[in-house]
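Undergrad: The following file, query-v8.tsv, comprises TSV, C-alpha atoms:
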chain	number	residue	atom	x	y	z
U	1	MET	CA	-55.54	-239.93	40.33
U	2	GLY	CA	-58.20	-242.56	40.70
U	3	SER	CA	-57.98	-245.97	42.27
U	4	SER	CA	-56.66	-247.77	39.20
U	5	GLY	CA	-53.97	-245.14	38.54
U	6	LYS	CA	-54.95	-244.11	35.01
U	7	VAL	CA	-53.81	-240.67	33.93
U	8	LEU	CA	-56.33	-238.20	32.46
U	9	LEU	CA	-54.83	-235.64	30.10
U	10	VAL	CA	-56.04	-232.53	28.31
U	11	GLY	CA	-55.20	-232.87	24.61
U	12	ASP	CA	-54.10	-229.83	22.60
U	13	ASN	CA	-55.89	-230.31	19.24
U	14	PRO	CA	-58.54	-227.61	19.87
U	15	PHE	CA	-55.78	-225.16	20.81
U	16	HIS	CA	-54.38	-225.51	17.29
U	17	GLY	CA	-57.80	-224.92	15.72
U	18	ILE	CA	-58.58	-228.63	15.31
U	19	SER	CA	-61.98	-228.35	16.97
U	20	HIS	CA	-65.72	-228.56	16.41
U	21	LEU	CA	-66.38	-225.34	18.30
U	22	SER	CA	-67.65	-222.51	16.10
U	23	GLN	CA	-64.60	-220.29	15.80
U	24	GLU	CA	-66.65	-217.29	14.70
U	25	ARG	CA	-68.92	-217.55	17.73
U	26	SER	CA	-65.98	-217.96	20.10
U	27	ARG	CA	-64.21	-214.92	18.65
U	28	VAL	CA	-67.29	-212.80	19.31
U	29	ARG	CA	-67.13	-213.89	22.96
U	30	GLY	CA	-63.37	-213.40	23.06
U	31	GLU	CA	-63.03	-217.03	24.14
U	32	SER	CA	-61.26	-218.84	21.33
U	33	PRO	CA	-59.45	-222.07	22.34
U	34	THR	CA	-56.66	-220.98	19.98
U	35	ASP	CA	-55.92	-218.03	22.29
U	36	PRO	CA	-53.15	-219.17	24.69
U	37	ALA	CA	-54.62	-217.34	27.70
U	38	TYR	CA	-58.06	-218.90	27.22
U	39	ALA	CA	-56.52	-222.30	26.44
U	40	ALA	CA	-54.60	-222.11	29.73
U	41	LYS	CA	-57.87	-221.36	31.49
U	42	LEU	CA	-59.41	-224.49	29.93
U	43	VAL	CA	-56.48	-226.63	31.06
U	44	ALA	CA	-56.71	-225.25	34.61
U	45	LEU	CA	-60.48	-225.81	34.67
U	46	SER	CA	-60.00	-229.37	33.42
U	47	VAL	CA	-57.53	-230.04	36.25
U	48	GLU	CA	-60.03	-228.66	38.78
U	49	ASN	CA	-62.53	-231.21	37.47
U	50	GLY	CA	-60.32	-234.29	37.42
U	51	ALA	CA	-57.59	-234.00	34.77
U	52	ASP	CA	-54.02	-234.84	35.82
U	53	GLY	CA	-52.04	-233.18	33.09
U	54	PHE	CA	-51.53	-231.95	29.55
U	55	MET	CA	-50.46	-233.76	26.37
U	56	PHE	CA	-49.20	-231.32	23.77
U	57	SER	CA	-47.07	-230.85	20.68
U	58	VAL	CA	-44.15	-228.60	21.58
U	59	SER	CA	-44.93	-225.38	19.70
U	60	GLU	CA	-44.79	-221.65	20.31
U	61	LYS	CA	-48.50	-221.71	21.11
U	62	THR	CA	-48.43	-224.56	23.62
U	63	LEU	CA	-45.32	-223.15	25.30
U	64	LYS	CA	-47.23	-219.89	25.78
U	65	ILE	CA	-50.11	-221.87	27.29
U	66	LEU	CA	-47.67	-223.41	29.76
U	67	GLU	CA	-46.26	-219.97	30.56
U	68	HIS	CA	-49.77	-218.67	31.30
U	69	LEU	CA	-50.38	-221.64	33.61
U	70	ARG	CA	-47.10	-221.01	35.45
U	71	GLU	CA	-47.77	-217.29	35.84
U	72	ASN	CA	-51.24	-217.99	37.25
U	73	GLY	CA	-50.26	-220.76	39.66
U	74	GLY	CA	-51.67	-223.61	37.57
U	75	ILE	CA	-48.46	-225.48	36.80
U	76	ASP	CA	-47.60	-227.14	40.12
U	77	GLY	CA	-47.90	-230.93	39.93
U	78	LEU	CA	-49.15	-230.86	36.34
U	79	ARG	CA	-48.13	-234.04	34.50
U	80	LEU	CA	-46.78	-233.28	31.04
U	81	TYR	CA	-46.59	-235.55	28.00
U	82	ALA	CA	-44.80	-233.67	25.22
U	83	ILE	CA	-44.91	-234.61	21.53
U	84	VAL	CA	-42.04	-233.69	19.20
U	85	PRO	CA	-41.58	-232.37	16.63
U	86	CYS	CA	-44.62	-230.14	16.13
U	87	ALA	CA	-45.47	-230.81	12.49
U	88	TYR	CA	-47.37	-227.52	12.09
U	89	ASP	CA	-44.49	-225.34	13.27
U	90	TYR	CA	-41.78	-227.09	11.29
U	91	VAL	CA	-43.71	-227.16	8.02
U	92	ARG	CA	-44.24	-223.41	8.44
U	93	LEU	CA	-40.56	-222.84	9.29
U	94	ALA	CA	-39.40	-224.98	6.35
U	95	SER	CA	-41.55	-222.93	3.97
U	96	ALA	CA	-40.20	-219.66	5.32
U	97	ALA	CA	-36.58	-220.88	5.40
U	98	GLY	CA	-36.54	-222.28	1.88
U	99	GLY	CA	-36.91	-225.99	2.47
U	100	VAL	CA	-35.26	-228.61	4.66
U	101	PRO	CA	-31.64	-227.25	4.44
U	102	GLY	CA	-32.86	-223.83	5.52
U	103	LEU	CA	-34.93	-225.39	8.30
U	104	ALA	CA	-31.91	-227.31	9.61
U	105	LYS	CA	-29.79	-224.13	9.67
U	106	GLN	CA	-32.56	-222.26	11.48
U	107	VAL	CA	-32.96	-224.97	14.13
U	108	ILE	CA	-29.18	-225.12	14.76
U	109	LYS	CA	-29.16	-221.32	15.03
U	110	GLU	CA	-31.96	-221.41	17.59
U	111	ILE	CA	-30.15	-224.12	19.55
U	112	VAL	CA	-26.99	-221.99	19.70
U	113	PHE	CA	-28.94	-218.92	20.84
U	114	SER	CA	-30.84	-221.02	23.41
U	115	GLY	CA	-27.69	-221.10	25.51
U	116	ASN	CA	-27.68	-224.90	25.76
U	117	LEU	CA	-23.98	-225.47	25.11
U	118	ASN	CA	-24.19	-229.27	25.38
U	119	ALA	CA	-26.91	-229.37	22.73
U	120	ALA	CA	-25.04	-226.93	20.49
U	121	ALA	CA	-21.80	-228.93	20.69
U	122	SER	CA	-23.60	-232.21	20.01
U	123	GLY	CA	-25.47	-230.66	17.11
U	124	LEU	CA	-22.37	-229.25	15.44
U	125	ASN	CA	-20.65	-232.60	15.88
U	126	GLY	CA	-23.63	-234.28	14.23
U	127	VAL	CA	-23.54	-231.86	11.29
U	128	PHE	CA	-19.80	-232.30	10.70
U	129	LYS	CA	-19.88	-236.09	11.00
U	130	SER	CA	-23.33	-236.64	9.46
U	131	ASP	CA	-24.17	-238.47	12.71
U	132	LEU	CA	-27.94	-238.88	12.93
U	133	ARG	CA	-27.80	-240.00	16.57
U	134	SER	CA	-26.00	-236.82	17.61
U	135	LEU	CA	-28.55	-234.74	15.72
U	136	VAL	CA	-31.44	-236.53	17.45
U	137	LYS	CA	-29.81	-235.94	20.84
U	138	THR	CA	-29.33	-232.28	20.01
U	139	TYR	CA	-32.90	-231.83	18.93
U	140	LEU	CA	-34.29	-233.50	22.06
U	141	LEU	CA	-32.09	-231.43	24.37
U	142	TYR	CA	-33.23	-228.30	22.56
U	143	GLU	CA	-36.92	-229.13	22.92
U	144	LEU	CA	-36.45	-230.05	26.58
U	145	SER	CA	-34.80	-226.70	27.22
U	146	ARG	CA	-37.77	-224.91	25.63
U	147	ILE	CA	-40.22	-226.81	27.84
U	148	LYS	CA	-38.22	-226.17	31.01
U	149	ARG	CA	-38.03	-222.43	30.31
U	150	SER	CA	-41.81	-222.30	29.97
U	151	VAL	CA	-42.85	-224.44	32.94
U	152	GLY	CA	-40.14	-223.74	35.51
U	153	LYS	CA	-39.83	-226.34	38.26
U	154	GLY	CA	-43.47	-226.94	39.17
U	155	ALA	CA	-44.65	-229.38	36.49
U	156	VAL	CA	-43.57	-233.00	36.01
U	157	LEU	CA	-42.41	-233.94	32.52
U	158	GLU	CA	-43.38	-237.62	32.34
U	159	ALA	CA	-42.56	-238.50	28.74
U	160	VAL	CA	-41.53	-237.13	25.38
U	161	LEU	CA	-43.33	-238.83	22.48
U	162	LEU	CA	-42.18	-238.90	18.87
U	163	HIS	CA	-44.83	-237.37	16.61
U	164	GLN	CA	-46.97	-239.68	14.51
U	165	VAL	CA	-45.39	-238.47	11.27
U	166	VAL	CA	-41.92	-239.53	12.46
U	167	THR	CA	-43.06	-242.69	14.26
U	168	ASP	CA	-45.08	-244.10	11.39
U	169	LEU	CA	-42.46	-243.19	8.78
U	170	CYS	CA	-39.79	-245.05	10.75
U	171	LEU	CA	-42.17	-247.99	11.26
U	172	GLY	CA	-42.90	-248.16	7.55
U	173	LEU	CA	-39.20	-248.05	6.66
U	174	GLY	CA	-38.32	-250.66	9.28
U	175	LEU	CA	-35.87	-248.36	11.08
U	176	ASP	CA	-35.64	-250.36	14.28
U	177	TRP	CA	-32.46	-248.53	15.36
U	178	VAL	CA	-34.42	-245.28	15.73
U	179	PHE	CA	-36.80	-246.82	18.26
U	180	LYS	CA	-34.07	-248.67	20.16
U	181	PHE	CA	-31.88	-245.58	20.32
U	182	TYR	CA	-34.73	-243.32	21.33
U	183	VAL	CA	-35.89	-245.62	24.16
U	184	LYS	CA	-32.35	-245.84	25.53
U	185	TYR	CA	-31.65	-242.11	25.28
U	186	ALA	CA	-34.98	-241.03	26.78
U	187	HIS	CA	-34.30	-243.24	29.79
U	188	LYS	CA	-30.84	-241.70	30.13
U	189	LEU	CA	-32.59	-238.34	30.41
U	190	GLY	CA	-34.91	-239.72	33.08
U	191	LEU	CA	-37.99	-239.76	30.84
U	192	ALA	CA	-40.36	-242.37	29.51
U	193	ALA	CA	-39.87	-242.94	25.79
U	194	GLY	CA	-43.12	-242.29	23.97
U	195	PHE	CA	-44.51	-242.80	20.50
U	196	ASN	CA	-47.60	-241.25	18.91
U	197	THR	CA	-48.84	-243.61	16.19
U	198	GLY	CA	-51.71	-244.18	13.83
U	199	ASN	CA	-50.57	-247.77	13.28
U	200	PHE	CA	-50.84	-249.27	16.75
U	201	ALA	CA	-51.17	-252.93	15.75
U	202	LEU	CA	-48.16	-252.69	13.43
U	203	MET	CA	-46.10	-250.99	16.16
U	204	VAL	CA	-46.83	-253.70	18.73
U	205	ASN	CA	-45.96	-256.45	16.22
U	206	LYS	CA	-42.74	-254.72	15.13
U	207	PHE	CA	-41.62	-254.05	18.69
U	208	ARG	CA	-42.04	-257.74	19.52
U	209	GLU	CA	-40.11	-258.67	16.36
U	210	TRP	CA	-37.34	-256.17	17.21
U	211	ARG	CA	-37.31	-257.24	20.87
U	212	ILE	CA	-37.98	-253.77	22.18
U	213	ASN	CA	-39.11	-254.00	25.78
U	214	MET	CA	-42.72	-252.76	25.92
U	215	ASP	CA	-42.27	-252.13	29.66
U	216	ASP	CA	-40.14	-249.15	28.68
U	217	VAL	CA	-42.52	-247.20	26.42
U	218	VAL	CA	-45.68	-245.12	26.33
U	219	ILE	CA	-47.84	-245.22	23.19
U	220	ALA	CA	-50.48	-242.68	22.21
U	221	ALA	CA	-52.93	-244.24	19.76
U	222	PRO	CA	-56.60	-243.89	18.72
U	223	PHE	CA	-59.16	-246.02	20.55
U	224	ASN	CA	-62.92	-245.54	20.19
U	225	LYS	CA	-65.99	-247.72	19.75
U	226	VAL	CA	-66.50	-246.86	16.05
U	227	GLY	CA	-62.92	-247.66	15.02
U	228	PHE	CA	-62.19	-244.08	13.88
U	229	GLN	CA	-58.49	-243.83	12.87
U	230	MET	CA	-57.80	-247.34	14.25
U	231	VAL	CA	-55.52	-248.91	11.63
U	232	PRO	CA	-55.92	-251.51	10.18
U	233	SER	CA	-59.12	-252.09	12.17
U	234	ARG	CA	-60.65	-251.81	15.61
U	235	THR	CA	-60.45	-255.60	15.99
U	236	GLU	CA	-56.73	-255.77	15.21
U	237	CYS	CA	-55.91	-252.86	17.52
U	238	GLU	CA	-57.86	-254.47	20.36
U	239	LYS	CA	-55.99	-257.76	19.79
U	240	ALA	CA	-52.66	-255.91	19.93
U	241	LEU	CA	-53.61	-254.48	23.32
U	242	LEU	CA	-53.67	-258.01	24.72
U	243	ASN	CA	-50.01	-258.48	23.76
U	244	LEU	CA	-48.76	-255.70	26.02
U	245	PRO	CA	-47.06	-256.73	29.26
U	246	ASN	CA	-48.61	-253.83	31.21
U	247	PRO	CA	-50.73	-250.70	30.68
U	248	ALA	CA	-48.77	-248.60	28.19
U	249	VAL	CA	-51.39	-246.90	25.98
U	250	LEU	CA	-52.68	-243.35	26.16
U	251	ALA	CA	-55.96	-243.52	24.27
U	252	ILE	CA	-56.57	-240.58	21.93
U	253	SER	CA	-59.41	-239.76	19.50
U	254	ILE	CA	-61.75	-241.33	22.07
U	255	LEU	CA	-64.68	-239.18	20.91
U	256	ALA	CA	-64.07	-240.03	17.21
U	257	ALA	CA	-63.84	-236.37	16.18
U	258	GLY	CA	-67.05	-235.50	18.03
U	259	TYR	CA	-69.12	-238.42	16.72
U	260	LEU	CA	-69.35	-240.03	20.17
U	261	LYS	CA	-70.59	-238.66	23.46
U	262	PRO	CA	-68.20	-238.79	26.45
U	263	SER	CA	-70.43	-241.37	28.14
U	264	GLU	CA	-70.19	-243.67	25.08
U	265	ALA	CA	-66.40	-243.27	24.98
U	266	ILE	CA	-66.12	-244.09	28.69
U	267	ASP	CA	-68.23	-247.24	28.37
U	268	TYR	CA	-66.01	-248.51	25.55
U	269	LEU	CA	-62.69	-247.70	27.21
U	270	ALA	CA	-63.77	-249.30	30.48
U	271	GLY	CA	-63.76	-252.69	28.76
U	272	LEU	CA	-60.23	-252.45	27.32
U	273	PRO	CA	-57.06	-253.89	28.90
U	274	ASN	CA	-53.69	-252.13	29.20
U	275	ILE	CA	-54.95	-248.57	28.89
U	276	LYS	CA	-52.56	-246.34	30.84
U	277	GLY	CA	-54.65	-243.21	30.41
U	278	VAL	CA	-56.75	-240.98	28.20
U	279	ALA	CA	-56.13	-237.68	26.38
U	280	VAL	CA	-59.11	-235.62	25.25
U	281	GLY	CA	-59.31	-232.08	23.93
U	282	VAL	CA	-61.71	-229.47	25.27
U	283	SER	CA	-62.75	-226.34	23.40
U	284	LYS	CA	-64.96	-224.56	25.93
U	285	GLU	CA	-65.53	-224.39	29.66
U	286	LYS	CA	-68.54	-226.70	29.64
U	287	HIS	CA	-66.44	-229.42	28.00
U	288	ALA	CA	-63.63	-228.95	30.52
U	289	LYS	CA	-66.01	-229.32	33.46
U	290	GLU	CA	-68.17	-232.18	32.20
U	291	THR	CA	-65.71	-234.38	30.31
U	292	PHE	CA	-63.12	-234.81	33.05
U	293	TRP	CA	-65.72	-234.97	35.78
U	294	LEU	CA	-67.33	-237.91	33.95
U	295	LEU	CA	-63.98	-239.62	33.38
U	296	ARG	CA	-62.96	-239.19	36.99
U	297	GLN	CA	-66.30	-240.51	38.30
U	298	ASN	CA	-65.91	-243.72	36.33
U	299	GLY	CA	-63.71	-245.91	38.51
U	300	SER	CA	-62.75	-248.24	35.66
U	301	ILE	CA	-61.29	-245.28	33.73
U	302	ALA	CA	-59.85	-243.11	36.46
Output the file's structure as structure tokens, nothing else.

TA:
Amino acid sequence: MGSSGKVLLVGDNPFHGISHLSQERSRVRGESPTDPAYAAKLVALSVENGADGFMFSVSEKTLKILEHLRENGGIDGLRLYAIVPCAYDYVRLASAAGGVPGLAKQVIKEIVFSGNLNAAASGLNGVFKSDLRSLVKTYLLYELSRIKRSVGKGAVLEAVLLHQVVTDLCLGLGLDWVFKFYVKYAHKLGLAAGFNTGNFALMVNKFREWRINMDDVVIAAPFNKVGFQMVPSRTECEKALLNLPNPAVLAISILAAGYLKPSEAIDYLAGLPNIKGVAVGVSKEKHAKETFWLLRQNGSIA
């Protein structure tokens, strides 16, 4: 960690194939970022050059990456920010299981076979009583058990963030109880409550309206100098930053899908208030070495 305490995280987008690296060229070299073993190598290399941890959607692929890190001694002290649910995995499962009812049955089945009796009991109670809160608890306990099996005791799970699809849907529908419940329950589990959003300005305004304590949350949202994915605008998102009581934002999409150079992203972020940290994906070893080295060298970022 640097002097100002900001956390630098490896993002997982390239590991899911969301990358500007030529996949054909990487396959020829046997070094595709979508390969869990090579992805683990990139995470470890990023840590060697200044990264603190890993922000990832909880999926079979990212859990394998964590397993590779643990098996090769790269997990100790790694700071983890998990995002749930993994939209890719659950869309695929829903298709294979015949829609949402089939998906729900499959998830409950996996929870039972996971051996987590508390989660299984809570889940069955939620099904019988149509209790959404019990179902949310069950799902979170299930995902936590998957993470713990993969990482062992060496890593530090800092926060579990609700995926953007869930967060922004609940924001749009005005479901304040979801956010209030989630913040309270995450804290009960000893975790920071997190939210991944594409509507940062709306979230800050709604949380103030709903009197949700912003001291208690972590928000992952896009911030970059060209306003890429910053809804409704870069100006409004920057204004919303000023309304936070303390640094609570993990800046994502800082390179604007490859449009910006790391040096440009760093210059922009250095001038923003209330940035808790940065998450950036790397798709090859050169990126892992240079990107986090640059971030760490900039005292206003790291």

Undergrad: Would you list the contacts of stretch 230-232 of chain U as number ranges by chain, taking every protein, DNA or RNA residue within 9 Å and counting all atoms listed in the file, but skipping same-chain residues closer than 4 positions in sequence?

TA: U: 198-202, 221-224, 226, 236-237

Undergrad: I'd like to know which of U:Thr291, U:Asn298, U:Lys239, U:Phe195 is closest to U:Asn49, using all atoms listed in the file.

TA: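 For U:Asn49, the nearest of the candidates is U:Thr291.
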
Undergrad: Rounded to one decimal, what separation in Å do you get between atom CA of U:Ala193 and atom CA of U:His287?

TA: 29.9 Å

Undergrad: With only C-alpha atoms as the counted atoms, please give the residues lying no more than 8 Å from U:Val84, apart from itself and same-chain residues fewer than 5 positions off, as a VMD selection string.

TA: chain U and resid 57 to 58 143 160 to 163

Undergrad: Could you tell me how far atom CA of U:Tyr268 sits from atom CA of U:Gly5, in Å to one decimal place?

TA: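 Value for the atom CA of U:Gly5-atom CA of U:Tyr268 distance: 18.0 Å.
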
Undergrad: Applying 7 Å and all atoms listed in the file, which residues near U:Ile65 remain after dropping the ones on its own chain fewer than 5 positions away? List them as a short mmCIF file (atom, residue, chain, number, x, y, z; two decimals) with C-alpha atoms, keeping the file's coordinate frame.

TA:
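Saved to out-v4.cif:
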data_model
loop_
_atom_site.label_atom_id
_atom_site.label_comp_id
_atom_site.auth_asym_id
_atom_site.auth_seq_id
_atom_site.Cartn_x
_atom_site.Cartn_y
_atom_site.Cartn_z
CA PRO U 36 -53.15 -219.17 24.69
CA ALA U 37 -54.62 -217.34 27.70
CA ALA U 39 -56.52 -222.30 26.44
CA ALA U 40 -54.60 -222.11 29.73
#

Undergrad: When you count only C-alpha atoms, which of these residues is closest to U:Asn13: U:Lys61, U:His187, U:Lys286, U:Lys225?

TA: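 Ranking U:Lys61, U:His187, U:Lys286, U:Lys225 by distance to U:Asn13, first place goes to U:Lys61.
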
Undergrad: Could you tell me how far atom CA of U:Glu290 sits from atom CA of U:Leu9, in Å to one decimal place?

TA: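 One can read the atom CA of U:Leu9 to atom CA of U:Glu290 distance as 13.9 Å.
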
Undergrad: Generate the missing atoms of stretch 139-172 of chain U up to N, CA and C atoms and report them as a PDB file, keeping the file's coordinate frame.

TA:
ATOM      1  N   TYR U 139     -31.522-232.307  19.075  1.00  0.00           N
ATOM      2  CA  TYR U 139     -32.900-231.830  18.930  1.00  0.00           C
ATOM      3  C   TYR U 139     -33.690-232.047  20.221  1.00  0.00           C
ATOM      4  N   LEU U 140     -33.557-233.218  20.834  1.00  0.00           N
ATOM      5  CA  LEU U 140     -34.290-233.500  22.060  1.00  0.00           C
ATOM      6  C   LEU U 140     -33.874-232.575  23.190  1.00  0.00           C
ATOM      7  N   LEU U 141     -32.567-232.343  23.333  1.00  0.00           N
ATOM      8  CA  LEU U 141     -32.090-231.430  24.370  1.00  0.00           C
ATOM      9  C   LEU U 141     -32.625-230.024  24.148  1.00  0.00           C
ATOM     10  N   TYR U 142     -32.688-229.625  22.895  1.00  0.00           N
ATOM     11  CA  TYR U 142     -33.230-228.300  22.560  1.00  0.00           C
ATOM     12  C   TYR U 142     -34.696-228.188  22.947  1.00  0.00           C
ATOM     13  N   GLU U 143     -35.500-229.188  22.585  1.00  0.00           N
ATOM     14  CA  GLU U 143     -36.920-229.130  22.920  1.00  0.00           C
ATOM     15  C   GLU U 143     -37.134-229.185  24.430  1.00  0.00           C
ATOM     16  N   LEU U 144     -36.338-229.987  25.126  1.00  0.00           N
ATOM     17  CA  LEU U 144     -36.450-230.050  26.580  1.00  0.00           C
ATOM     18  C   LEU U 144     -36.130-228.706  27.216  1.00  0.00           C
ATOM     19  N   SER U 145     -35.152-228.010  26.663  1.00  0.00           N
ATOM     20  CA  SER U 145     -34.800-226.700  27.220  1.00  0.00           C
ATOM     21  C   SER U 145     -35.936-225.700  27.008  1.00  0.00           C
ATOM     22  N   ARG U 146     -36.632-225.800  25.893  1.00  0.00           N
ATOM     23  CA  ARG U 146     -37.770-224.910  25.630  1.00  0.00           C
ATOM     24  C   ARG U 146     -38.897-225.170  26.638  1.00  0.00           C
ATOM     25  N   ILE U 147     -39.159-226.449  26.892  1.00  0.00           N
ATOM     26  CA  ILE U 147     -40.220-226.810  27.840  1.00  0.00           C
ATOM     27  C   ILE U 147     -39.869-226.309  29.236  1.00  0.00           C
ATOM     28  N   LYS U 148     -38.631-226.556  29.665  1.00  0.00           N
ATOM     29  CA  LYS U 148     -38.220-226.170  31.010  1.00  0.00           C
ATOM     30  C   LYS U 148     -38.287-224.667  31.218  1.00  0.00           C
ATOM     31  N   ARG U 149     -37.934-223.896  30.192  1.00  0.00           N
ATOM     32  CA  ARG U 149     -38.030-222.430  30.310  1.00  0.00           C
ATOM     33  C   ARG U 149     -39.467-221.993  30.514  1.00  0.00           C
ATOM     34  N   SER U 150     -40.396-222.696  29.895  1.00  0.00           N
ATOM     35  CA  SER U 150     -41.810-222.300  29.970  1.00  0.00           C
ATOM     36  C   SER U 150     -42.476-222.734  31.262  1.00  0.00           C
ATOM     37  N   VAL U 151     -42.130-223.901  31.784  1.00  0.00           N
ATOM     38  CA  VAL U 151     -42.850-224.440  32.940  1.00  0.00           C
ATOM     39  C   VAL U 151     -42.153-224.185  34.269  1.00  0.00           C
ATOM     40  N   GLY U 152     -40.846-223.887  34.248  1.00  0.00           N
ATOM     41  CA  GLY U 152     -40.140-223.740  35.510  1.00  0.00           C
ATOM     42  C   GLY U 152     -39.975-225.091  36.184  1.00  0.00           C
ATOM     43  N   LYS U 153     -40.090-225.117  37.510  1.00  0.00           N
ATOM     44  CA  LYS U 153     -39.830-226.340  38.260  1.00  0.00           C
ATOM     45  C   LYS U 153     -41.098-227.012  38.801  1.00  0.00           C
ATOM     46  N   GLY U 154     -42.259-226.423  38.540  1.00  0.00           N
ATOM     47  CA  GLY U 154     -43.470-226.940  39.170  1.00  0.00           C
ATOM     48  C   GLY U 154     -44.082-228.172  38.522  1.00  0.00           C
ATOM     49  N   ALA U 155     -44.006-228.272  37.205  1.00  0.00           N
ATOM     50  CA  ALA U 155     -44.650-229.380  36.490  1.00  0.00           C
ATOM     51  C   ALA U 155     -43.740-230.606  36.458  1.00  0.00           C
ATOM     52  N   VAL U 156     -44.330-231.742  36.103  1.00  0.00           N
ATOM     53  CA  VAL U 156     -43.570-233.000  36.010  1.00  0.00           C
ATOM     54  C   VAL U 156     -43.619-233.487  34.561  1.00  0.00           C
ATOM     55  N   LEU U 157     -42.477-233.443  33.893  1.00  0.00           N
ATOM     56  CA  LEU U 157     -42.410-233.940  32.520  1.00  0.00           C
ATOM     57  C   LEU U 157     -42.268-235.460  32.576  1.00  0.00           C
ATOM     58  N   GLU U 158     -43.347-236.168  32.227  1.00  0.00           N
ATOM     59  CA  GLU U 158     -43.380-237.620  32.340  1.00  0.00           C
ATOM     60  C   GLU U 158     -42.742-238.322  31.143  1.00  0.00           C
ATOM     61  N   ALA U 159     -43.036-237.822  29.949  1.00  0.00           N
ATOM     62  CA  ALA U 159     -42.560-238.500  28.740  1.00  0.00           C
ATOM     63  C   ALA U 159     -42.481-237.532  27.578  1.00  0.00           C
ATOM     64  N   VAL U 160     -41.607-237.854  26.641  1.00  0.00           N
ATOM     65  CA  VAL U 160     -41.530-237.130  25.380  1.00  0.00           C
ATOM     66  C   VAL U 160     -41.819-238.144  24.276  1.00  0.00           C
ATOM     67  N   LEU U 161     -42.887-237.899  23.511  1.00  0.00           N
ATOM     68  CA  LEU U 161     -43.330-238.830  22.480  1.00  0.00           C
ATOM     69  C   LEU U 161     -42.914-238.338  21.098  1.00  0.00           C
ATOM     70  N   LEU U 162     -42.446-239.245  20.261  1.00  0.00           N
ATOM     71  CA  LEU U 162     -42.180-238.900  18.870  1.00  0.00           C
ATOM     72  C   LEU U 162     -43.512-238.727  18.140  1.00  0.00           C
ATOM     73  N   HIS U 163     -43.606-237.673  17.356  1.00  0.00           N
ATOM     74  CA  HIS U 163     -44.830-237.370  16.610  1.00  0.00           C
ATOM     75  C   HIS U 163     -45.198-238.504  15.658  1.00  0.00           C
ATOM     76  N   GLN U 164     -46.471-238.617  15.384  1.00  0.00           N
ATOM     77  CA  GLN U 164     -46.970-239.680  14.510  1.00  0.00           C
ATOM     78  C   GLN U 164     -46.292-239.698  13.151  1.00  0.00           C
ATOM     79  N   VAL U 165     -46.025-238.533  12.591  1.00  0.00           N
ATOM     80  CA  VAL U 165     -45.390-238.470  11.270  1.00  0.00           C
ATOM     81  C   VAL U 165     -44.033-239.176  11.295  1.00  0.00           C
ATOM     82  N   VAL U 166     -43.243-238.913  12.336  1.00  0.00           N
ATOM     83  CA  VAL U 166     -41.920-239.530  12.460  1.00  0.00           C
ATOM     84  C   VAL U 166     -42.047-241.013  12.806  1.00  0.00           C
ATOM     85  N   THR U 167     -42.893-241.307  13.804  1.00  0.00           N
ATOM     86  CA  THR U 167     -43.060-242.690  14.260  1.00  0.00           C
ATOM     87  C   THR U 167     -43.495-243.613  13.117  1.00  0.00           C
ATOM     88  N   ASP U 168     -44.539-243.220  12.414  1.00  0.00           N
ATOM     89  CA  ASP U 168     -45.080-244.100  11.390  1.00  0.00           C
ATOM     90  C   ASP U 168     -44.187-244.191  10.152  1.00  0.00           C
ATOM     91  N   LEU U 169     -43.437-243.120   9.872  1.00  0.00           N
ATOM     92  CA  LEU U 169     -42.460-243.190   8.780  1.00  0.00           C
ATOM     93  C   LEU U 169     -41.363-244.191   9.110  1.00  0.00           C
ATOM     94  N   CYS U 170     -40.852-244.121  10.340  1.00  0.00           N
ATOM     95  CA  CYS U 170     -39.790-245.050  10.750  1.00  0.00           C
ATOM     96  C   CYS U 170     -40.310-246.488  10.830  1.00  0.00           C
ATOM     97  N   LEU U 171     -41.560-246.655  11.249  1.00  0.00           N
ATOM     98  CA  LEU U 171     -42.170-247.990  11.260  1.00  0.00           C
ATOM     99  C   LEU U 171     -42.235-248.547   9.844  1.00  0.00           C
ATOM    100  N   GLY U 172     -42.728-247.718   8.934  1.00  0.00           N
ATOM    101  CA  GLY U 172     -42.900-248.160   7.550  1.00  0.00           C
ATOM    102  C   GLY U 172     -41.586-248.512   6.883  1.00  0.00           C
TER     103      GLY U 172
END
